[in-house]
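S.K.: What follows is the file data17.pdb, containing PDB, C-alpha atoms, pLDDT in the B column:
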MODEL        1
ATOM      1  CA  MET A 641       7.430  12.404  -2.438  1.00 48.00           C
ATOM      2  CA  ALA A 642       9.848   9.771  -1.148  1.00 47.00           C
ATOM      3  CA  ILE A 643       8.530   6.287  -1.859  1.00 48.00           C
ATOM      4  CA  GLN A 644       9.943   3.052  -0.504  1.00 46.00           C
ATOM      5  CA  GLY A 645       8.767  -0.528  -0.963  1.00 47.00           C
ATOM      6  CA  ILE A 646       7.315  -0.795  -4.453  1.00 44.00           C
ATOM      7  CA  GLY A 647       7.749  -4.576  -4.258  1.00 48.00           C
ATOM      8  CA  SER A 648       6.945  -6.515  -7.412  1.00 48.00           C
ATOM      9  CA  THR A 649       6.986  -3.418  -9.574  1.00 46.00           C
ATOM     10  CA  ALA A 650      10.553  -2.578  -8.519  1.00 45.00           C
ATOM     11  CA  SER A 651      11.577  -6.182  -9.081  1.00 44.00           C
ATOM     12  CA  LEU A 652      10.224  -5.996 -12.620  1.00 45.00           C
ATOM     13  CA  TRP A 653      12.409  -2.958 -13.202  1.00 41.00           C
ATOM     14  CA  ASN A 654      15.530  -4.731 -11.883  1.00 43.00           C
ATOM     15  CA  THR A 655      14.930  -7.628 -14.251  1.00 42.00           C
ATOM     16  CA  VAL A 656      15.134  -5.549 -17.416  1.00 39.00           C
ATOM     17  CA  SER A 657      17.779  -3.012 -16.455  1.00 42.00           C
ATOM     18  CA  ARG A 658      20.451  -4.693 -18.582  1.00 39.00           C
ATOM     19  CA  LYS A 659      19.175  -3.478 -21.970  1.00 39.00           C
ATOM     20  CA  THR A 660      19.814   0.186 -22.716  1.00 37.00           C
ATOM     21  CA  GLU A 661      17.016   0.930 -25.182  1.00 45.00           C
ATOM     22  CA  GLN A 662      14.453  -1.312 -23.500  1.00 44.00           C
ATOM     23  CA  GLN A 663      15.620  -0.004 -20.138  1.00 44.00           C
ATOM     24  CA  GLN A 664      14.547   3.509 -21.100  1.00 48.00           C
ATOM     25  CA  ASP A 665      11.127   2.259 -22.231  1.00 47.00           C
ATOM     26  CA  PHE A 666      10.625   0.322 -19.024  1.00 44.00           C
ATOM     27  CA  LYS A 667      11.855   3.216 -16.890  1.00 45.00           C
ATOM     28  CA  SER A 668       9.118   5.280 -18.480  1.00 51.00           C
ATOM     29  CA  LEU A 669       6.592   2.571 -17.567  1.00 47.00           C
ATOM     30  CA  MET A 670       7.800   2.528 -13.957  1.00 46.00           C
ATOM     31  CA  THR A 671       7.507   6.313 -13.764  1.00 48.00           C
ATOM     32  CA  LYS A 672       3.910   5.977 -14.914  1.00 48.00           C
ATOM     33  CA  ALA A 673       3.353   3.294 -12.264  1.00 46.00           C
ATOM     34  CA  THR A 674       4.690   5.597  -9.564  1.00 42.00           C
ATOM     35  CA  GLU A 675       2.510   8.422 -10.838  1.00 46.00           C
ATOM     36  CA  THR A 676      -0.473   6.060 -10.702  1.00 42.00           C
ATOM     37  CA  VAL A 677       0.040   5.912  -6.936  1.00 37.00           C
ATOM     38  CA  ASN A 678      -0.840   9.626  -6.851  1.00 36.00           C
ATOM     39  CA  ALA A 679      -3.643   9.443  -9.424  1.00 40.00           C
ATOM     40  CA  SER A 680      -6.675  11.622  -8.929  1.00 32.00           C
ATOM     41  CA  SER A 681      -9.908  10.115  -7.689  1.00 30.00           C
ATOM     42  CA  ALA A 682     -11.261  10.301 -11.242  1.00 30.00           C
ATOM     43  CA  ASP A 683      -8.504   7.923 -12.342  1.00 37.00           C
ATOM     44  CA  LYS A 684      -9.451   5.592  -9.509  1.00 34.00           C
ATOM     45  CA  ALA A 685     -12.931   5.049 -10.964  1.00 30.00           C
ATOM     46  CA  GLN A 686     -11.730   1.756 -12.491  1.00 32.00           C
ATOM     47  CA  VAL A 687     -11.818   0.142  -9.054  1.00 32.00           C
ATOM     48  CA  SER A 688     -14.973  -1.796  -8.253  1.00 31.00           C
ATOM     49  CA  ILE A 689     -15.533  -2.118  -4.512  1.00 30.00           C
ATOM     50  CA  SER A 690     -17.707  -4.865  -3.055  1.00 32.00           C
ATOM     51  CA  SER A 691     -17.801  -5.707   0.675  1.00 33.00           C
ATOM     52  CA  ASN A 692     -14.282  -4.362   1.412  1.00 38.00           C
ATOM     53  CA  ALA A 693     -12.846  -6.274  -1.542  1.00 43.00           C
ATOM     54  CA  ALA A 694     -11.675  -4.682  -4.752  1.00 42.00           C
ATOM     55  CA  THR A 695     -11.363  -6.140  -8.173  1.00 65.00           C
ATOM     56  CA  GLN A 696      -9.372  -3.942 -10.439  1.00 80.00           C
ATOM     57  CA  SER A 697      -9.040  -4.115 -14.197  1.00 87.00           C
ATOM     58  CA  ARG A 698      -5.541  -4.148 -15.631  1.00 90.00           C
ATOM     59  CA  THR A 699      -3.998  -0.718 -15.671  1.00 90.00           C
ATOM     60  CA  ALA A 700      -2.381   0.826 -18.733  1.00 90.00           C
ATOM     61  CA  VAL A 701       1.013   0.298 -17.101  1.00 91.00           C
ATOM     62  CA  GLN A 702       0.283  -3.392 -16.538  1.00 93.00           C
ATOM     63  CA  GLU A 703      -0.756  -3.740 -20.189  1.00 94.00           C
ATOM     64  CA  ASP A 704       2.508  -2.028 -21.193  1.00 94.00           C
ATOM     65  CA  ILE A 705       4.471  -4.506 -19.047  1.00 94.00           C
ATOM     66  CA  LEU A 706       2.711  -7.400 -20.788  1.00 96.00           C
ATOM     67  CA  ARG A 707       3.482  -5.876 -24.221  1.00 96.00           C
ATOM     68  CA  TYR A 708       7.110  -5.542 -23.156  1.00 95.00           C
ATOM     69  CA  ALA A 709       7.138  -9.196 -22.050  1.00 96.00           C
ATOM     70  CA  ARG A 710       5.636 -10.350 -25.365  1.00 96.00           C
ATOM     71  CA  ALA A 711       8.573  -8.768 -27.211  1.00 96.00           C
ATOM     72  CA  ASP A 712      11.186 -11.100 -25.668  1.00 94.00           C
ATOM     73  CA  ALA A 713      10.584 -14.601 -24.286  1.00 92.00           C
ATOM     74  CA  GLN A 714      13.643 -14.397 -22.013  1.00 94.00           C
ATOM     75  CA  ASP A 715      12.459 -11.127 -20.491  1.00 95.00           C
ATOM     76  CA  ALA A 716       8.958 -12.568 -20.090  1.00 96.00           C
ATOM     77  CA  GLU A 717      10.360 -15.499 -18.114  1.00 96.00           C
ATOM     78  CA  ARG A 718      12.438 -13.209 -15.897  1.00 96.00           C
ATOM     79  CA  LEU A 719       9.492 -10.899 -15.279  1.00 96.00           C
ATOM     80  CA  ALA A 720       7.205 -13.816 -14.391  1.00 97.00           C
ATOM     81  CA  HIS A 721       9.837 -15.383 -12.129  1.00 97.00           C
ATOM     82  CA  ASP A 722      10.559 -12.098 -10.360  1.00 96.00           C
ATOM     83  CA  MET A 723       6.879 -11.377  -9.823  1.00 96.00           C
ATOM     84  CA  ALA A 724       6.331 -14.882  -8.441  1.00 97.00           C
ATOM     85  CA  TYR A 725       9.253 -14.723  -6.036  1.00 96.00           C
ATOM     86  CA  SER A 726       8.997 -11.068  -4.985  1.00 95.00           C
ATOM     87  CA  ARG A 727       7.664 -10.466  -1.526  1.00 96.00           C
ATOM     88  CA  SER A 728       4.708  -8.092  -1.185  1.00 96.00           C
ATOM     89  CA  ASP A 729       5.745  -4.874   0.472  1.00 95.00           C
ATOM     90  CA  ILE A 730       4.136  -1.668   1.606  1.00 94.00           C
ATOM     91  CA  CYS A 731       4.637   1.344  -0.637  1.00 93.00           C
ATOM     92  CA  TYR A 732       5.348   4.204   1.766  1.00 90.00           C
ATOM     93  CA  ASP A 733       5.304   7.963   1.474  1.00 88.00           C
ATOM     94  CA  LEU A 734       8.197   8.990   3.696  1.00 84.00           C
ATOM     95  CA  SER A 735       8.132  12.722   2.920  1.00 83.00           C
ATOM     96  CA  GLU A 736       6.572  13.834   6.232  1.00 78.00           C
ATOM     97  CA  SER A 737       8.637  11.358   8.224  1.00 72.00           C
ATOM     98  CA  ILE A 738      11.829  12.745   6.683  1.00 78.00           C
ATOM     99  CA  LYS A 739      10.772  16.340   7.387  1.00 80.00           C
ATOM    100  CA  THR A 740       9.769  15.661  10.989  1.00 79.00           C
ATOM    101  CA  ASN A 741      12.246  12.848  11.689  1.00 78.00           C
ATOM    102  CA  ARG A 742       9.363  10.901  13.277  1.00 74.00           C
ATOM    103  CA  MET A 743       8.452   7.351  12.357  1.00 73.00           C
ATOM    104  CA  GLU A 744       4.813   8.071  13.341  1.00 71.00           C
ATOM    105  CA  ASP A 745       4.482  10.177  10.178  1.00 73.00           C
ATOM    106  CA  ILE A 746       4.933   7.276   7.729  1.00 81.00           C
ATOM    107  CA  LYS A 747       1.956   7.030   5.347  1.00 87.00           C
ATOM    108  CA  LEU A 748       0.763   4.920   2.453  1.00 91.00           C
ATOM    109  CA  ALA A 749       1.901   6.449  -0.823  1.00 90.00           C
ATOM    110  CA  SER A 750      -1.421   5.659  -2.500  1.00 91.00           C
ATOM    111  CA  THR A 751      -3.888   7.026   0.069  1.00 90.00           C
ATOM    112  CA  GLY A 752      -1.924   9.055   2.610  1.00 89.00           C
ATOM    113  CA  GLU A 753      -3.230   6.814   5.413  1.00 90.00           C
ATOM    114  CA  LYS A 754      -0.861   6.694   8.399  1.00 88.00           C
ATOM    115  CA  VAL A 755       0.782   3.312   8.855  1.00 88.00           C
ATOM    116  CA  GLY A 756       1.270   1.918  12.342  1.00 89.00           C
ATOM    117  CA  ASP A 757       2.661  -1.313  13.721  1.00 91.00           C
ATOM    118  CA  GLU A 758      -0.729  -3.088  13.789  1.00 93.00           C
ATOM    119  CA  TYR A 759      -1.377  -2.149  10.146  1.00 93.00           C
ATOM    120  CA  LYS A 760       2.029  -3.526   9.157  1.00 93.00           C
ATOM    121  CA  ARG A 761       1.489  -6.734  11.155  1.00 96.00           C
ATOM    122  CA  GLN A 762      -1.871  -7.383   9.490  1.00 96.00           C
ATOM    123  CA  PHE A 763      -0.568  -6.499   6.048  1.00 96.00           C
ATOM    124  CA  TYR A 764       2.417  -8.852   6.211  1.00 97.00           C
ATOM    125  CA  GLN A 765       0.318 -11.668   7.677  1.00 96.00           C
ATOM    126  CA  ASN A 766      -2.122 -11.344   4.760  1.00 96.00           C
ATOM    127  CA  ALA A 767       0.685 -10.816   2.241  1.00 97.00           C
ATOM    128  CA  LEU A 768       2.302 -14.148   3.141  1.00 97.00           C
ATOM    129  CA  HIS A 769      -0.799 -15.959   1.890  1.00 97.00           C
ATOM    130  CA  ILE A 770      -1.105 -13.814  -1.239  1.00 97.00           C
ATOM    131  CA  ASP A 771       2.574 -14.259  -2.081  1.00 98.00           C
ATOM    132  CA  ALA A 772       2.283 -18.033  -1.610  1.00 97.00           C
ATOM    133  CA  GLN A 773      -0.738 -18.152  -3.925  1.00 98.00           C
ATOM    134  CA  ARG A 774       1.025 -16.068  -6.579  1.00 98.00           C
ATOM    135  CA  MET A 775       4.070 -18.365  -6.362  1.00 98.00           C
ATOM    136  CA  GLN A 776       1.767 -21.387  -6.665  1.00 98.00           C
ATOM    137  CA  ILE A 777       0.237 -19.929  -9.854  1.00 98.00           C
ATOM    138  CA  TYR A 778       3.733 -19.496 -11.285  1.00 98.00           C
ATOM    139  CA  ASN A 779       4.978 -22.969 -10.304  1.00 98.00           C
ATOM    140  CA  THR A 780       1.807 -24.740 -11.475  1.00 98.00           C
ATOM    141  CA  GLU A 781       1.712 -22.957 -14.822  1.00 98.00           C
ATOM    142  CA  LYS A 782       5.464 -23.317 -15.390  1.00 97.00           C
ATOM    143  CA  ALA A 783       5.185 -27.075 -14.727  1.00 98.00           C
ATOM    144  CA  LYS A 784       2.449 -27.251 -17.396  1.00 98.00           C
ATOM    145  CA  GLY A 785       4.737 -25.464 -19.864  1.00 97.00           C
ATOM    146  CA  THR A 786       2.515 -22.350 -20.029  1.00 97.00           C
ATOM    147  CA  ASP A 787       3.936 -19.396 -21.948  1.00 97.00           C
ATOM    148  CA  PRO A 788       5.639 -16.964 -19.513  1.00 97.00           C
ATOM    149  CA  VAL A 789       3.538 -14.039 -20.795  1.00 97.00           C
ATOM    150  CA  ILE A 790       0.368 -15.936 -19.904  1.00 97.00           C
ATOM    151  CA  ILE A 791       1.816 -16.780 -16.485  1.00 97.00           C
ATOM    152  CA  LEU A 792       2.668 -13.103 -15.938  1.00 97.00           C
ATOM    153  CA  SER A 793      -0.828 -12.146 -17.055  1.00 96.00           C
ATOM    154  CA  LYS A 794      -2.409 -14.618 -14.609  1.00 96.00           C
ATOM    155  CA  MET A 795      -0.295 -13.288 -11.738  1.00 97.00           C
ATOM    156  CA  ILE A 796      -1.170  -9.665 -12.565  1.00 95.00           C
ATOM    157  CA  ASP A 797      -4.868 -10.571 -12.696  1.00 95.00           C
ATOM    158  CA  PHE A 798      -4.567 -12.480  -9.413  1.00 96.00           C
ATOM    159  CA  THR A 799      -2.912  -9.488  -7.745  1.00 95.00           C
ATOM    160  CA  ASN A 800      -5.569  -7.143  -9.132  1.00 94.00           C
ATOM    161  CA  SER A 801      -8.248  -9.349  -7.560  1.00 95.00           C
ATOM    162  CA  GLN A 802      -6.972  -8.713  -4.034  1.00 95.00           C
ATOM    163  CA  SER A 803      -8.655  -6.446  -1.491  1.00 92.00           C
ATOM    164  CA  LYS A 804      -8.623  -2.685  -1.831  1.00 91.00           C
ATOM    165  CA  ASP A 805      -6.503  -2.546   1.339  1.00 92.00           C
ATOM    166  CA  TYR A 806      -3.842  -4.807  -0.168  1.00 94.00           C
ATOM    167  CA  LEU A 807      -3.812  -2.925  -3.476  1.00 94.00           C
ATOM    168  CA  ALA A 808      -3.521   0.430  -1.689  1.00 93.00           C
ATOM    169  CA  ALA A 809      -0.734  -0.800   0.576  1.00 95.00           C
ATOM    170  CA  THR A 810       1.343  -2.200  -2.271  1.00 94.00           C
ATOM    171  CA  GLY A 811       0.784   0.716  -4.639  1.00 90.00           C
ATOM    172  CA  TRP A 812      -1.209  -1.430  -7.107  1.00 87.00           C
ATOM    173  CA  LEU A 813      -4.405   0.532  -6.584  1.00 80.00           C
ATOM    174  CA  ALA A 814      -5.399   2.211  -9.837  1.00 68.00           C
TER     175      ALA A 814
ENDMDL
END
Represent the supplied structure as structure tokens.
M.R.:
Amino acid sequence: MAIQGIGSTASLWNTVSRKTEQQQDFKSLMTKATETVNASSADKAQVSISSNAATQSRTAVQEDILRYARADAQDAERLAHDMAYSRSDICYDLSESIKTNRMEDIKLASTGEKVGDEYKRQFYQNALHIDAQRMQIYNTEKAKGTDPVIILSKMIDFTNSQSKDYLAATGWLA
């Protein structure tokens, strides 16, 4: 499956790519994150749905990212900064679109739902507010002198508290 637009997750990967040994560990984490997008419905049982909103517990991959951040304060700061300043993006499955050479065949990687212009417009309108709130969490906590791992943890929890639609679109849906 061809996936484009992993957003914050891809940014996290770019932040740590400079260290060979740690790079391999993190690459493994990112592979797990990508596989999570295709998880079976049994794996999706962690998601609690209430009136079109989803609150999701931290995933194993997110816990691994936090463990990685705890190992190095500099990496924790970079991860927190990158998550705060990364723009939310839609995680696409382009496999059908590539085969058919038709843009109408673009789907969400997490659910297979077809993605049209109206969906994208609504997503990015909503994402602007979510991104601003995540950045506000980062800036407020950084100004207080909060440990970067705690800031990262707060931003992950904030993202996990978003609607099921947002989580599915961004590939954060467990």
S.K.: Using Å and a single decimal, report how far atom CA of A:Met795 sits from atom CA of A:Thr780.
M.R.: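 One can read the atom CA of A:Thr780 to atom CA of A:Met795 distance as 11.6 Å.
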S.K.: Applied to this file, what does the PyMOL selection byres ((chain A and resi 764) around 12) return in terms of residues, put as a PyMOL selection string?
M.R.: chain A and resi 727-730+757-763+765-771+805-806+809-810
S.K.: Just the number, please: distance in Å from atom CA of A:Ile790 to atom CA of A:Tyr778, one decimal.
M.R.: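 Result for atom CA of A:Ile790 versus atom CA of A:Tyr778: 9.9 Å, one decimal.
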S.K.: Which is closer to A:Arg698 than all the others in A:Ile796, A:Ile738, A:Leu807, A:Ala783, using only C-alpha atoms?
M.R.: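 So, comparing all the options, the nearest one is A:Ile796.
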S.K.: Rounded to one decimal, what separation in Å do you get between atom CA of A:Asp715 and atom CA of A:Asp787?
M.R.: 12.0 Å
S.K.: Compare A:Lys804, A:Ser793, A:Thr740, A:Arg774 by their minimum atom-to-atom distance to A:Tyr708, counting all atoms listed in the file, and give me the closest one.
M.R.: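 Closest residue, counting all atoms listed in the file: A:Ser793.
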S.K.: Identify which of the residues A:Ile791, A:Leu748, A:Leu734, A:Ala808 lies closest to A:Asp722, counting only C-alpha atoms when measuring atom-to-atom distances.
M.R.: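 Comparing A:Ile791, A:Leu748, A:Leu734, A:Ala808 against A:Asp722, the winner is A:Ile791.
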S.K.: Using the chain letters and residue numbers of this document, give as a list in words the residues selected by the PyMOL selection byres ((chain A and resi 751) around 9).
M.R.: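 Answer for the PyMOL selection byres ((chain A and resi 751) around 9): Val677, Asn678, Lys747, Leu748, Ala749, Ser750, Gly752, Glu753, Lys754, Ala808 and Ala809 of chain A.
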S.K.: Would you be able to write out as a PDB file with C-alpha atoms, keeping the file's coordinate frame which residues have an atom within 12 Å of (-2.9, -10.4, -13.0) in the file's coordinates, counting only C-alpha atoms?
M.R.:
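That gives us point.pdb:
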ATOM      1  CA  SER A 648       6.945  -6.515  -7.412  1.00 48.00           C
ATOM      2  CA  THR A 695     -11.363  -6.140  -8.173  1.00 65.00           C
ATOM      3  CA  GLN A 696      -9.372  -3.942 -10.439  1.00 80.00           C
ATOM      4  CA  SER A 697      -9.040  -4.115 -14.197  1.00 87.00           C
ATOM      5  CA  ARG A 698      -5.541  -4.148 -15.631  1.00 90.00           C
ATOM      6  CA  THR A 699      -3.998  -0.718 -15.671  1.00 90.00           C
ATOM      7  CA  GLN A 702       0.283  -3.392 -16.538  1.00 93.00           C
ATOM      8  CA  GLU A 703      -0.756  -3.740 -20.189  1.00 94.00           C
ATOM      9  CA  ILE A 705       4.471  -4.506 -19.047  1.00 94.00           C
ATOM     10  CA  LEU A 706       2.711  -7.400 -20.788  1.00 96.00           C
ATOM     11  CA  ALA A 720       7.205 -13.816 -14.391  1.00 97.00           C
ATOM     12  CA  MET A 723       6.879 -11.377  -9.823  1.00 96.00           C
ATOM     13  CA  ALA A 724       6.331 -14.882  -8.441  1.00 97.00           C
ATOM     14  CA  ARG A 774       1.025 -16.068  -6.579  1.00 98.00           C
ATOM     15  CA  ILE A 777       0.237 -19.929  -9.854  1.00 98.00           C
ATOM     16  CA  TYR A 778       3.733 -19.496 -11.285  1.00 98.00           C
ATOM     17  CA  VAL A 789       3.538 -14.039 -20.795  1.00 97.00           C
ATOM     18  CA  ILE A 790       0.368 -15.936 -19.904  1.00 97.00           C
ATOM     19  CA  ILE A 791       1.816 -16.780 -16.485  1.00 97.00           C
ATOM     20  CA  LEU A 792       2.668 -13.103 -15.938  1.00 97.00           C
ATOM     21  CA  SER A 793      -0.828 -12.146 -17.055  1.00 96.00           C
ATOM     22  CA  LYS A 794      -2.409 -14.618 -14.609  1.00 96.00           C
ATOM     23  CA  MET A 795      -0.295 -13.288 -11.738  1.00 97.00           C
ATOM     24  CA  ILE A 796      -1.170  -9.665 -12.565  1.00 95.00           C
ATOM     25  CA  ASP A 797      -4.868 -10.571 -12.696  1.00 95.00           C
ATOM     26  CA  PHE A 798      -4.567 -12.480  -9.413  1.00 96.00           C
ATOM     27  CA  THR A 799      -2.912  -9.488  -7.745  1.00 95.00           C
ATOM     28  CA  ASN A 800      -5.569  -7.143  -9.132  1.00 94.00           C
ATOM     29  CA  SER A 801      -8.248  -9.349  -7.560  1.00 95.00           C
ATOM     30  CA  GLN A 802      -6.972  -8.713  -4.034  1.00 95.00           C
ATOM     31  CA  TRP A 812      -1.209  -1.430  -7.107  1.00 87.00           C
TER      32      TRP A 812
END
S.K.: Can you pull out every residue within 7 Å of A:Ile746, counting all atoms listed in the file, but drop anything in the same chain fewer than 2 positions away, and send it as a count of residues only?
M.R.: 9
